[in-house]
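Reading through the structure tokens given below for one structure.
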Amino acid sequence: MERNGELDLSLLPRELKVMLTILNHREGNLVLEQNIDWDYFLQLVKHHRIYPLVYAKLGELRDPAVPPFVMEVLKREYQKNTFSMLHLSAEMERVSKLFSEQNIKLLFLKGPPIAQDIYGDISLRTSKDLDVLIQFEDLKKAEDVLTGLGYERENRFFSLASEWKWLHHHIIYFHPQKKIQVEIHWRSQPFPIKQPTFHELWERRRKSELTRSPVYFLGEEDLFIFLIAHGTRHGWFRLRWLADVDYMMRRKQPFKKVEQLRSRKQFNLVGQALLVSSAFFETPIPEEAKSIIEEKRAKELAKLAVPCVINMSQNYMERETKREKTYKGSMFVLFLTKLLKMKSILFPHRYIYETGAVSQRWFQVLRFLYPQASEEDQLKLPKALKILYFPLRPYLWMKRKSASLEGEKSKRFENVQ
């Protein structure tokens with residue numbers, strides 16, 4: 001076994017290094033850095049959705065350097081997550097059973113069965129929703145089942161014909177009483193990312209041991225590649241996805257033949273993920289997988305990943321805790337600024353840009369420029385004139401943004417009075 005130590009993690013926040021020190025501790029005394037901002041530490045472990053693993057590890061170590069209030073907060077979050085995962089497990093079985101009764105084949109992409117498979121314990125991984133993959137032709141039947149259960153559709157799509165099924169890859173449903181979200185996917189990754197057919201994934205499916213009724217999820221290699229592709233596409237801004245890769249590499253051999261990855265054109269994708277996982281979590285790389293991490297392109301992408309994790313995580317954390325500043329200038333100037341910054345909006349870090357194929361980049365631009373369903377509500381046009389939503393988008397966006405800012409000003413004025 002060999003692990004990679006070439007990637008530079010020196011720019012990581014001190015509190016993030018402490019988190020990794022805790023998770024990577026194997027034997028001997030635990031030595032933590034001094035002058036830790038424990039409130040920021042808790043903010044980080046929550047953001048990265050890795051607090052169940054940190055709590056379990058600290059429970060084993062019982063290190064006196066960790067303040068009691070930190071353990072109390074982690075314990076509370078751990079218990080909340082355990083109840084949430086049990087709640088999701090019950091709903092997962094219910095949904096799966098009803099889908100099967102309607103002859104809808106479904107594969108779970110996320111949720112309790114993935115937590116059980118990777119960690120051996122559903123309480124050690126977080127999941128805010130249930131993501132399922134079905135065949136596109138079963139979409140209407142699936143919606144009927146979910147609406148019958150009390151779920152409401154969250155998102156609508158603008159479409160001239162039937163191009164929405166290529167521009168999007170899932171529909172979100174939410175149960176207002178149970179507070180559970182279900183995402184129905186007809187593609188595991190957005191178009192035009194290449195992926196196996198549903199039939200191929202179904203043939204390699206596995207049955208979860210969590211429930212009495214059959215619940216199916218992805219085969220070992222398919223799950224491994226799905227999680228890597230998902231984490232890469234989002235710039236690993238939550239380290240939970242890298243922890244998944246690490247645990248899969250430690251607990252099982254997620255790919256049987258290295259050359260199969262090359263034939264599936266996943267060689268560099270997996271290679272860079274193993275390098276990044278090894279840098280953050282000291283993931284052991286088996287000898288037979290060494291050729292994957294030796295690839296020049298894999299190394300180039302891995303070097304871009306570390307600053308991406310830092311920048312993306314910080315941006316998301318700021319977005320979660322701070323309100324966007326109110327813009328006071330011209331709407332037209334704001335629109336031009338957004339247009340000029342389109343690349344940085346679509347690809348917030350070079351790593352995300354480089355890991356996508358050229359076709360993916362162009363499709364991302366197309367999705368960005370495409371009209372939204374909300375714009376049809378904003379301005380009603382007859383079906384024959386729907387094409388006009390394209391040239392009208394800038395005007396509608398500026399009008400919507402201006403109304404939004406006026407609403408914020410009115411609220412502030414009322415609060416002052």
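Following the order of the structure tokens, chains are lettered A, B, ..., residues in each are numbered from 1, and ligands are numbered from 1.
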### Query
So which bits of segment 49-242 of chain A end up helix (DSSP H, G or I) when you DSSP the backbone, as a ChimeraX atom specification?
/A:51-61,68-101,112-119,122-124,136-148,164-167,198-203,220-233,240-242
When you look at Leu392 of chain A with a cut-off of 10 Å (counting only C-alpha atoms), what residues show up, excluding the ones that are within fewer than 4 positions of it in the same chain? I need them as a compact mmCIF listing (two decimals) with N, CA and C atoms, in the first residue's frame.
# COMPACT_ATOMS: atom_id res chain seq x y z
N PRO A 371 -34.12 30.48 -20.58
CA PRO A 371 -35.18 31.07 -19.75
C PRO A 371 -35.61 30.15 -18.62
N GLU A 375 -40.05 33.09 -15.27
CA GLU A 375 -40.19 34.19 -16.22
C GLU A 375 -41.49 34.09 -17.01
N LEU A 379 -44.17 37.20 -17.16
CA LEU A 379 -44.72 37.77 -18.40
C LEU A 379 -45.39 36.66 -19.20
N ILE A 387 -40.56 31.73 -27.94
CA ILE A 387 -39.17 31.94 -28.34
C ILE A 387 -38.68 33.34 -27.92
N LEU A 388 -39.63 34.27 -27.72
CA LEU A 388 -39.26 35.65 -27.35
C LEU A 388 -38.72 35.76 -25.92
N LEU A 396 -36.33 40.99 -18.26
CA LEU A 396 -37.09 40.34 -17.19
C LEU A 396 -36.23 40.17 -15.94
N TRP A 397 -34.95 39.83 -16.13
CA TRP A 397 -34.04 39.67 -14.99
C TRP A 397 -33.87 41.00 -14.25
Which residues of segment 87-113 of chain A come within 8 Å of segment 123-137 of chain A, and what is each one's closest atom pair and distance in Å (one decimal), counting only C-alpha atoms, sorted by chain and residue number, as CSV?
residue,atom,partner,partner_atom,distance
A:Leu88,CA,A:Leu130,CA,7.4
A:Met92,CA,A:Leu130,CA,7.2
A:Ile104,CA,A:Ile134,CA,7.3
A:Lys105,CA,A:Ile134,CA,6.1
A:Leu106,CA,A:Ile134,CA,4.9
A:Leu107,CA,A:Leu133,CA,5.1
A:Phe108,CA,A:Val132,CA,4.4
A:Leu109,CA,A:Asp131,CA,5.3
A:Lys110,CA,A:Asp131,CA,5.3
A:Gly111,CA,A:Leu130,CA,5.4
A:Pro112,CA,A:Ser127,CA,7.5
### Message
I'd like the interatomic distance between atom CA of Ala384 of chain A and atom CA of Trp164 of chain A, to a tenth of an Å.
### Response
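We find that atom CA of Ala384 of chain A and atom CA of Trp164 of chain A lie 17.8 Å from each other.
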